[in-house]
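*Asks:* This structure is in structure tokens; I'll ask about it shortly.
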Amino acid sequence: MSKINYIIGIILLLLVSSCEDFLEREKLGEETFDVYYNSEEKAIHNVTAAYSDLKDYRFGWTLWAFGETLSDNAVYSGSDGDNAGFEPLKNFNGTPDMHYVTNKWRLCYRGINKASQAMEGIEKMNDNLFSSLELKNRLIAEARFLRAFYHYELTRAFGDVPIVDHWVKTATEKIGQSSREDVFAFIISELELAAADLPLKSEYATEDLGRVTKGAAHAYLAKANLYMENWTEAQDWASKIITSNEYQLDPDYAHVFSFEGEHGMESIMEISYHESETQTSAFRNNGNFQTLFMLPRNITYGYGINQPTEDLNNAFVAANDVVRRDATLLTTEEVFETELTDLYQALEDAEESGDATAIAEAEAALEEGKDALTFNRTGFYNEKMYVSPENRALSIRNNANNIRLMRYAEVLLIYAEASAQLGEDAEARDKLNLVRNRAGLADATESGQDLLEVIYTERRLELAGENDRYHDLLRLGRADTLPGWTDAKKYWPVPQAEIDLTTGEIEQNDGYVSSN
């Protein structure tokens with residue numbers, strides 16, 4: 001703890017009035033903290049609330065906006081206004097007053113505070129209120145995992161951030177920023193504690209799929225140690241998942257990202273969504289808003305944002321990686337064939353009839369249909385997030401497709417990278433080739449640094465469109481290949497609103513200038 005800063009955002013929901021007398025009164029007709037935690041059902045609901053910020057569309061937006069569109073994998077795209085609004089961040093000239101960065105900060109700290117509140121409330125509950133002590137401990141562990149995960153997202157975005165290890169109840173509490181290294185140490189400690197009381201995926205009831213598991217804790221322990229270059233620890237945690245026999249690679253790569261593949265054999269952690277007929281607003285829905293962002297513009301109700309690049313396509317082509325390219329990149333022609341099925345059928349019927357007038361009319365209708373697609377800047381869309389017309393929700397924000405956060409394939413690649421760094425090339429190739437073979441690629445035979453290069457390429461191809469590319473470039477020291485990138489601006493700026501609310505006591509990240 002080196003700098004003393006106020007933590008803003010995590011306490012927004014706690015600030016209801018500036019009048020001290022009012023704050024000191026107990027509200028009539030409402031349950032106090034001590035009274036609220038009086039049943040197992042309420043404890044479950046309280047932990048579930050800590051998951052809710054993962055589903056907030058603004059949080060989901062930051063996953064791909066930071067992980068994909070800052071990298072060589074994607075451009076922001078969308079309308080000219082959308083694209084221009086994001087351009088400063090894409091060029092690493094973002095400013096502290098941009099709402100994008102404020103949303104990330106506030107939503108993560110809001111989630112942290114919810115998780116901490118749940119932990120403290122449930123810990124004080126009598127064990128007899130629960131059907132089993134295991135359930136009580138599991139709920140605390142779920143909240144602890146979520147608190148660690150939100151810190152993980154914060155430090156990847158902002159670098160040095162405050163560690164909040166308790167429920168913040170007032171606006172006056174001061175907590176110092178911690179170094180990125182200390183934040184990761186906290187994350188690792190929290191995940192280790194959570195893992196001890198989390199169940200295996202196979203031990204959850206079907207209706208509880210989507211809650212965090214022991215495997216999820218182990219996977220993020222492996223990944224956090226990878227970021228810290230703790231190679232032995234990263235390998236050990238990944239090994240626990242591999243030997244658990246809880247997960248396996250889905251033989252069909254494309255199936256992983258289908259509705260049928262949700263919470264499947266390869267899934268370690270997902271954000272779960274469902275279509276709701278009543279909760280359809282921007283801030284109150286259970287659907288996947290990110291699909292709305294990424295569906296092709298105007299030819300669907302989508303915004304046409306986060307378009308994959310030609311550079312990513314070329315990487316697939318260079319590797320002769322047809323399987324993952326076809327499951328990741330949706331081409332313009334494929335968009336037309338899927339979205340304009342009726343028009344293609346009408347043309348086919350006209351051609352079979354031989355009626356020249358009918359053919360001409362059908363061709364004109366098809367071209368008019370194609371012209372509906374606008375702001376198509378790269379010719380590609382993220383197929384992993386695409387929902388076909390027959391499965392698409394009527395409410396534009398409520399598509400029911402899940403977001404995959406962690407898959408078994410990534411654990412294998414973490415194990416491979418850590419093993420290669422430790423000089424255990426045979427171990428590295430063994431796990432690497434499982435992933436390659438699933439994609440129809442031949443075994444890698446390289447050693448040493450050449451093997452690491454294959455692993456790095458494999459991460460890009462395997463995880464393309466899953467919001468990790470910029471973070472990989474950054475941790476590998478290769479972000480300098482991105483236009484406009486500088487080491488001083490490798491992280492987002494601390495939101496100016498946070499600095500203003502604390503009269504400047506929160507210090508800005510290096511490379512950015514605050515307005516006060």
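Just so we're on the same page: first chain in the structure tokens is A, next is B, and so on; residues restart at 1 for each chain, and ligands are numbered from 1 in the order they show up.
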Counting only C-alpha atoms, which residues of region 77-165 of chain A sit at most 9 Å from some atom of region 200-222 of chain A, and what is each one's closest atom pair with its distance in Å to one decimal, listed by chain and rising residue number, as CSV?

*Replies:*
residue,atom,partner,partner_atom,distance
A:Ala141,CA,A:Val212,CA,8.9
A:Glu142,CA,A:Val212,CA,6.2
A:Phe145,CA,A:Ala217,CA,7.0
A:Leu146,CA,A:Val212,CA,8.3
A:Phe149,CA,A:Tyr220,CA,8.3

*Asks:* Which of region 272-401 of chain A counts as strand (DSSP E or B) under DSSP, as a compact mmCIF listing (two decimals) with N, CA, C and O atoms, in the first residue's frame please?

*Replies:*
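part-v2.txt written:
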# COMPACT_ATOMS: atom_id res chain seq x y z
N THR A 280 -36.23 -6.58 -20.49
CA THR A 280 -35.68 -6.33 -21.83
C THR A 280 -35.00 -4.98 -21.96
O THR A 280 -34.57 -4.60 -23.05
N ASN A 285 -31.95 -6.88 -17.76
CA ASN A 285 -32.22 -8.01 -18.63
C ASN A 285 -31.28 -9.15 -18.29
O ASN A 285 -30.26 -8.96 -17.63
N ARG A 297 -24.47 -5.17 -39.05
CA ARG A 297 -25.30 -3.97 -38.91
C ARG A 297 -26.33 -3.82 -40.04
O ARG A 297 -26.01 -3.98 -41.21
N THR A 300 -29.16 -7.17 -39.87
CA THR A 300 -29.79 -7.70 -38.66
C THR A 300 -30.07 -6.49 -37.76
O THR A 300 -29.80 -5.35 -38.13
N TYR A 301 -30.53 -6.71 -36.54
CA TYR A 301 -30.71 -5.59 -35.63
C TYR A 301 -29.42 -5.25 -34.87
O TYR A 301 -29.42 -4.45 -33.95
N GLY A 302 -28.30 -5.86 -35.28
CA GLY A 302 -27.04 -5.65 -34.59
C GLY A 302 -26.37 -4.34 -34.93
O GLY A 302 -26.77 -3.62 -35.84
N ILE A 305 -20.30 -4.21 -34.47
CA ILE A 305 -19.10 -3.78 -33.74
C ILE A 305 -18.20 -4.99 -33.49
O ILE A 305 -18.63 -6.13 -33.52
N ASN A 306 -16.91 -4.72 -33.24
CA ASN A 306 -15.91 -5.75 -32.92
C ASN A 306 -15.72 -6.71 -34.08
O ASN A 306 -15.88 -7.93 -33.96
N GLN A 307 -15.33 -6.17 -35.23
CA GLN A 307 -15.11 -6.99 -36.41
C GLN A 307 -13.69 -7.54 -36.45
O GLN A 307 -12.72 -6.79 -36.31
N PRO A 308 -13.53 -8.85 -36.64
CA PRO A 308 -12.20 -9.43 -36.78
C PRO A 308 -11.46 -8.83 -37.98
O PRO A 308 -12.08 -8.38 -38.95
N LEU A 329 -14.47 -16.98 -37.76
CA LEU A 329 -14.69 -15.87 -38.67
C LEU A 329 -15.90 -16.12 -39.55
O LEU A 329 -15.95 -17.09 -40.31
N LEU A 330 -16.87 -15.26 -39.43
CA LEU A 330 -18.05 -15.30 -40.30
C LEU A 330 -17.81 -14.31 -41.42
O LEU A 330 -17.68 -13.11 -41.19
N THR A 331 -17.74 -14.79 -42.65
CA THR A 331 -17.46 -13.92 -43.79
C THR A 331 -18.71 -13.18 -44.24
O THR A 331 -19.84 -13.56 -43.91
N PHE A 380 -15.39 -9.45 -42.00
CA PHE A 380 -15.51 -10.57 -41.07
C PHE A 380 -16.30 -10.17 -39.83
O PHE A 380 -16.26 -9.02 -39.40
N TYR A 381 -16.98 -11.18 -39.24
CA TYR A 381 -17.69 -11.00 -37.97
C TYR A 381 -17.32 -12.15 -37.05
O TYR A 381 -16.87 -13.21 -37.50
N ASN A 382 -17.52 -11.94 -35.74
CA ASN A 382 -17.15 -12.94 -34.75
C ASN A 382 -18.22 -14.03 -34.68
O ASN A 382 -19.26 -13.84 -34.07

*Asks:* Could you produce a table of the residues of region 307-377 of chain A lying within 9 Å of region 62-76 of chain A, with the nearest pair of atoms per residue and their separation in Å rounded to one decimal, using only C-alpha atoms, ordered by chain and increasing residue number, as a Markdown table?

*Replies:*
| residue | atom | partner | partner_atom | distance |
| --- | --- | --- | --- | --- |
| A:Gln307 | CA | A:Ala74 | CA | 5.3 |
| A:Pro308 | CA | A:Ala74 | CA | 4.1 |
| A:Thr309 | CA | A:Ala74 | CA | 5.0 |
| A:Glu310 | CA | A:Asn73 | CA | 8.4 |
| A:Asp311 | CA | A:Asp72 | CA | 6.8 |
| A:Leu312 | CA | A:Asn73 | CA | 5.4 |
| A:Asn313 | CA | A:Asn73 | CA | 8.8 |
| A:Arg377 | CA | A:Val75 | CA | 8.3 |

*Asks:* Quick one: distance from CA of Ile163 (chain A) to CA of Lys124 (chain A) in Å, one decimal?

*Replies:*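 Here the two named atoms are 22.7 Å from each other.
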
*Asks:* Quick one: residues within 7 Å of Trp105 (chain A), only C-alpha atoms counted, chain neighbours fewer than 4 positions away excluded, as a ChimeraX atom specification?

*Replies:* /A:101,109,154

*Asks:* Point out the residue among A:Ile175, A:Asn103, A:Ala49, A:Thr486 with the least atom-to-atom distance to Ser116 (chain A), counting only C-alpha atoms.

*Replies:* A:Ala49

*Asks:* Please measure the separation of CA of Glu134 (chain A) and CA of Glu40 (chain A), giving the value in Å to one decimal.

*Replies:* 12.1 Å

*Asks:* Could you tell me which of A:Ala416, A:Val335, A:Leu432, A:Gly511 comes closest to Pro389 (chain A) if we count only C-alpha atoms?

*Replies:* A:Val335

*Asks:* Between A:Thr172, A:Thr332, A:Ser39, A:Ser272, which is the closest to Tyr51 (chain A) once you count only C-alpha atoms?

*Replies:*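 Selected residue with least distance to Tyr51 (chain A): A:Ser272.
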
*Asks:* For Thr374 (chain A), which residue among A:Thr338, A:Ala356, A:Tyr303, A:Asn437 is the nearest when counting only C-alpha atoms?

*Replies:*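 Result for the nearest residue to Thr374 (chain A): A:Tyr303.
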
*Asks:* If I take CA of Ile268 (chain A) and CA of Ile403 (chain A), how far is one from the other in Å, to one decimal?

*Replies:*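 Atom-to-atom, CA of Ile268 (chain A) to CA of Ile403 (chain A), that is 11.4 Å.
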
*Asks:* If you run DSSP over the backbone, which residues in region 82-203 of chain A end up alpha helix (DSSP H)? Put them as a PyMOL selection string.

*Replies:* chain A and resi 82-90+99-123+133-158+180-197

*Asks:* Residues within 12 Å of region 418-431 of chain A, please, as a PyMOL selection string. Count only C-alpha atoms; anything in the same chain fewer than 3 positions from it doesn't count.

*Replies:* chain A and resi 222-239+242+248-249+408-415+434-438+442-456+458

*Asks:* I need the residues from that last selection saved to file as a compact mmCIF listing (two decimals), in the first residue's frame (with N, CA and C atoms), if you can.

*Replies:*
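Final file, result-v2.txt:
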# COMPACT_ATOMS: atom_id res chain seq x y z
N ALA A 222 -3.94 -21.06 -12.21
CA ALA A 222 -2.93 -21.33 -13.23
C ALA A 222 -2.67 -20.08 -14.07
N LYS A 223 -3.72 -19.38 -14.43
CA LYS A 223 -3.55 -18.21 -15.30
C LYS A 223 -2.92 -17.04 -14.56
N ALA A 224 -3.32 -16.81 -13.30
CA ALA A 224 -2.72 -15.74 -12.52
C ALA A 224 -1.23 -15.98 -12.32
N ASN A 225 -0.85 -17.22 -12.06
CA ASN A 225 0.57 -17.54 -11.91
C ASN A 225 1.31 -17.42 -13.24
N LEU A 226 0.62 -17.68 -14.34
CA LEU A 226 1.23 -17.47 -15.65
C LEU A 226 1.56 -16.00 -15.85
N TYR A 227 0.63 -15.11 -15.47
CA TYR A 227 0.88 -13.68 -15.58
C TYR A 227 2.08 -13.26 -14.73
N MET A 228 2.24 -13.89 -13.58
CA MET A 228 3.35 -13.55 -12.68
C MET A 228 4.63 -14.30 -13.02
N GLU A 229 4.58 -15.12 -14.08
CA GLU A 229 5.72 -15.93 -14.52
C GLU A 229 6.19 -16.89 -13.43
N ASN A 230 5.24 -17.33 -12.63
CA ASN A 230 5.49 -18.39 -11.66
C ASN A 230 5.23 -19.72 -12.38
N TRP A 231 6.20 -20.15 -13.16
CA TRP A 231 5.96 -21.25 -14.09
C TRP A 231 5.61 -22.56 -13.39
N THR A 232 6.31 -22.87 -12.31
CA THR A 232 6.03 -24.13 -11.61
C THR A 232 4.62 -24.14 -11.05
N GLU A 233 4.22 -23.02 -10.44
CA GLU A 233 2.87 -22.94 -9.87
C GLU A 233 1.81 -23.00 -10.96
N ALA A 234 2.05 -22.32 -12.07
CA ALA A 234 1.09 -22.35 -13.18
C ALA A 234 0.93 -23.77 -13.70
N GLN A 235 2.04 -24.47 -13.84
CA GLN A 235 1.99 -25.85 -14.31
C GLN A 235 1.26 -26.74 -13.31
N ASP A 236 1.54 -26.55 -12.01
CA ASP A 236 0.92 -27.39 -10.99
C ASP A 236 -0.59 -27.22 -10.95
N TRP A 237 -1.07 -25.96 -11.00
CA TRP A 237 -2.50 -25.74 -10.93
C TRP A 237 -3.20 -26.26 -12.19
N ALA A 238 -2.57 -26.07 -13.35
CA ALA A 238 -3.15 -26.60 -14.58
C ALA A 238 -3.20 -28.13 -14.52
N SER A 239 -2.18 -28.72 -13.93
CA SER A 239 -2.12 -30.18 -13.83
C SER A 239 -3.27 -30.73 -12.99
N ILE A 242 -6.18 -31.05 -15.26
CA ILE A 242 -5.98 -32.12 -16.24
C ILE A 242 -6.20 -33.49 -15.62
N GLN A 248 -12.71 -32.33 -20.73
CA GLN A 248 -12.03 -32.87 -21.90
C GLN A 248 -12.33 -31.98 -23.10
N LEU A 249 -11.51 -32.08 -24.11
CA LEU A 249 -11.73 -31.30 -25.32
C LEU A 249 -12.95 -31.83 -26.07
N TYR A 408 -11.19 -25.68 -21.20
CA TYR A 408 -10.14 -26.69 -20.95
C TYR A 408 -8.99 -26.52 -21.93
N ALA A 409 -9.28 -26.12 -23.16
CA ALA A 409 -8.21 -25.93 -24.13
C ALA A 409 -7.20 -24.89 -23.65
N GLU A 410 -7.68 -23.83 -23.01
CA GLU A 410 -6.74 -22.82 -22.51
C GLU A 410 -5.90 -23.39 -21.37
N VAL A 411 -6.48 -24.21 -20.52
CA VAL A 411 -5.70 -24.83 -19.45
C VAL A 411 -4.56 -25.67 -20.03
N LEU A 412 -4.87 -26.42 -21.08
CA LEU A 412 -3.81 -27.21 -21.74
C LEU A 412 -2.71 -26.31 -22.28
N LEU A 413 -3.09 -25.16 -22.83
CA LEU A 413 -2.08 -24.24 -23.36
C LEU A 413 -1.30 -23.56 -22.25
N ILE A 414 -1.94 -23.28 -21.12
CA ILE A 414 -1.21 -22.73 -19.97
C ILE A 414 -0.18 -23.76 -19.49
N TYR A 415 -0.61 -25.01 -19.38
CA TYR A 415 0.30 -26.07 -18.97
C TYR A 415 1.47 -26.18 -19.95
N LEU A 434 -2.52 -31.89 -28.20
CA LEU A 434 -3.93 -32.23 -28.00
C LEU A 434 -4.83 -31.14 -28.60
N VAL A 435 -4.44 -29.90 -28.36
CA VAL A 435 -5.21 -28.77 -28.87
C VAL A 435 -5.07 -28.66 -30.39
N ARG A 436 -3.86 -28.83 -30.88
CA ARG A 436 -3.61 -28.74 -32.32
C ARG A 436 -4.34 -29.85 -33.08
N ASN A 437 -4.26 -31.05 -32.57
CA ASN A 437 -4.89 -32.17 -33.27
C ASN A 437 -6.39 -32.01 -33.35
N ARG A 438 -7.00 -31.47 -32.29
CA ARG A 438 -8.44 -31.22 -32.34
C ARG A 438 -8.79 -30.26 -33.48
N ALA A 442 -1.16 -30.88 -37.54
CA ALA A 442 -0.15 -31.91 -37.23
C ALA A 442 0.55 -31.59 -35.91
N ASP A 443 1.17 -32.59 -35.34
CA ASP A 443 1.92 -32.40 -34.10
C ASP A 443 3.02 -31.37 -34.28
N ALA A 444 3.20 -30.54 -33.27
CA ALA A 444 4.35 -29.64 -33.22
C ALA A 444 5.56 -30.45 -32.77
N THR A 445 6.69 -30.20 -33.37
CA THR A 445 7.92 -30.94 -33.02
C THR A 445 9.02 -30.01 -32.53
N GLU A 446 8.75 -28.73 -32.44
CA GLU A 446 9.77 -27.76 -32.08
C GLU A 446 10.21 -27.90 -30.62
N SER A 447 11.32 -27.25 -30.31
CA SER A 447 11.85 -27.21 -28.95
C SER A 447 12.29 -25.79 -28.63
N GLY A 448 12.50 -25.56 -27.34
CA GLY A 448 13.06 -24.28 -26.91
C GLY A 448 12.19 -23.10 -27.26
N GLN A 449 12.83 -22.01 -27.70
CA GLN A 449 12.10 -20.79 -28.04
C GLN A 449 11.16 -21.01 -29.22
N ASP A 450 11.56 -21.86 -30.15
CA ASP A 450 10.67 -22.15 -31.29
C ASP A 450 9.37 -22.79 -30.82
N LEU A 451 9.46 -23.63 -29.80
CA LEU A 451 8.26 -24.24 -29.26
C LEU A 451 7.37 -23.20 -28.59
N LEU A 452 7.98 -22.28 -27.86
CA LEU A 452 7.20 -21.21 -27.24
C LEU A 452 6.48 -20.38 -28.29
N GLU A 453 7.15 -20.12 -29.40
CA GLU A 453 6.51 -19.34 -30.47
C GLU A 453 5.29 -20.07 -31.02
N VAL A 454 5.39 -21.39 -31.15
CA VAL A 454 4.24 -22.16 -31.61
C VAL A 454 3.10 -22.06 -30.60
N ILE A 455 3.43 -22.12 -29.32
CA ILE A 455 2.40 -22.03 -28.28
C ILE A 455 1.73 -20.66 -28.31
N TYR A 456 2.52 -19.60 -28.49
CA TYR A 456 1.94 -18.26 -28.54
C TYR A 456 0.99 -18.12 -29.73
N GLU A 458 -0.56 -20.57 -31.14
CA GLU A 458 -1.69 -21.44 -30.85
C GLU A 458 -2.71 -20.74 -29.96

*Asks:* Measuring between only C-alpha atoms, which one of A:Glu507, A:Glu466, A:His151, A:Asn38 shows the shortest distance to Pro495 (chain A)?

*Replies:*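 Smallest distance to Pro495 (chain A) is found for A:Glu507.
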
*Asks:* Compile the contact shell of region 474-478 of chain A as a VMD selection string: residues with an atom at most 8 Å away, counting only C-alpha atoms, same-chain residues fewer than 3 positions apart removed.

*Replies:* chain A and resid 227 470 to 471 481 490

*Asks:* I'd like the contact shell of Asn126 (chain A) - 10 Å cut-off, only C-alpha atoms, skipping same-chain residues fewer than 4 positions apart - returned as a PyMOL selection string.

*Replies:* chain A and resi 37-39+122+130+133+136

*Asks:* Dump C-alpha atoms for the selected residues as a compact mmCIF listing (two decimals), in the first residue's frame?

*Replies:*
# COMPACT_ATOMS: atom_id res chain seq x y z
CA TYR A 37 -29.18 -12.90 6.86
CA ASN A 38 -31.70 -15.19 8.46
CA SER A 39 -32.23 -17.96 5.89
CA ILE A 122 -23.02 -15.43 5.58
CA PHE A 130 -28.22 -24.11 6.31
CA LEU A 133 -22.25 -26.75 6.47
CA LYS A 136 -22.56 -22.40 3.75
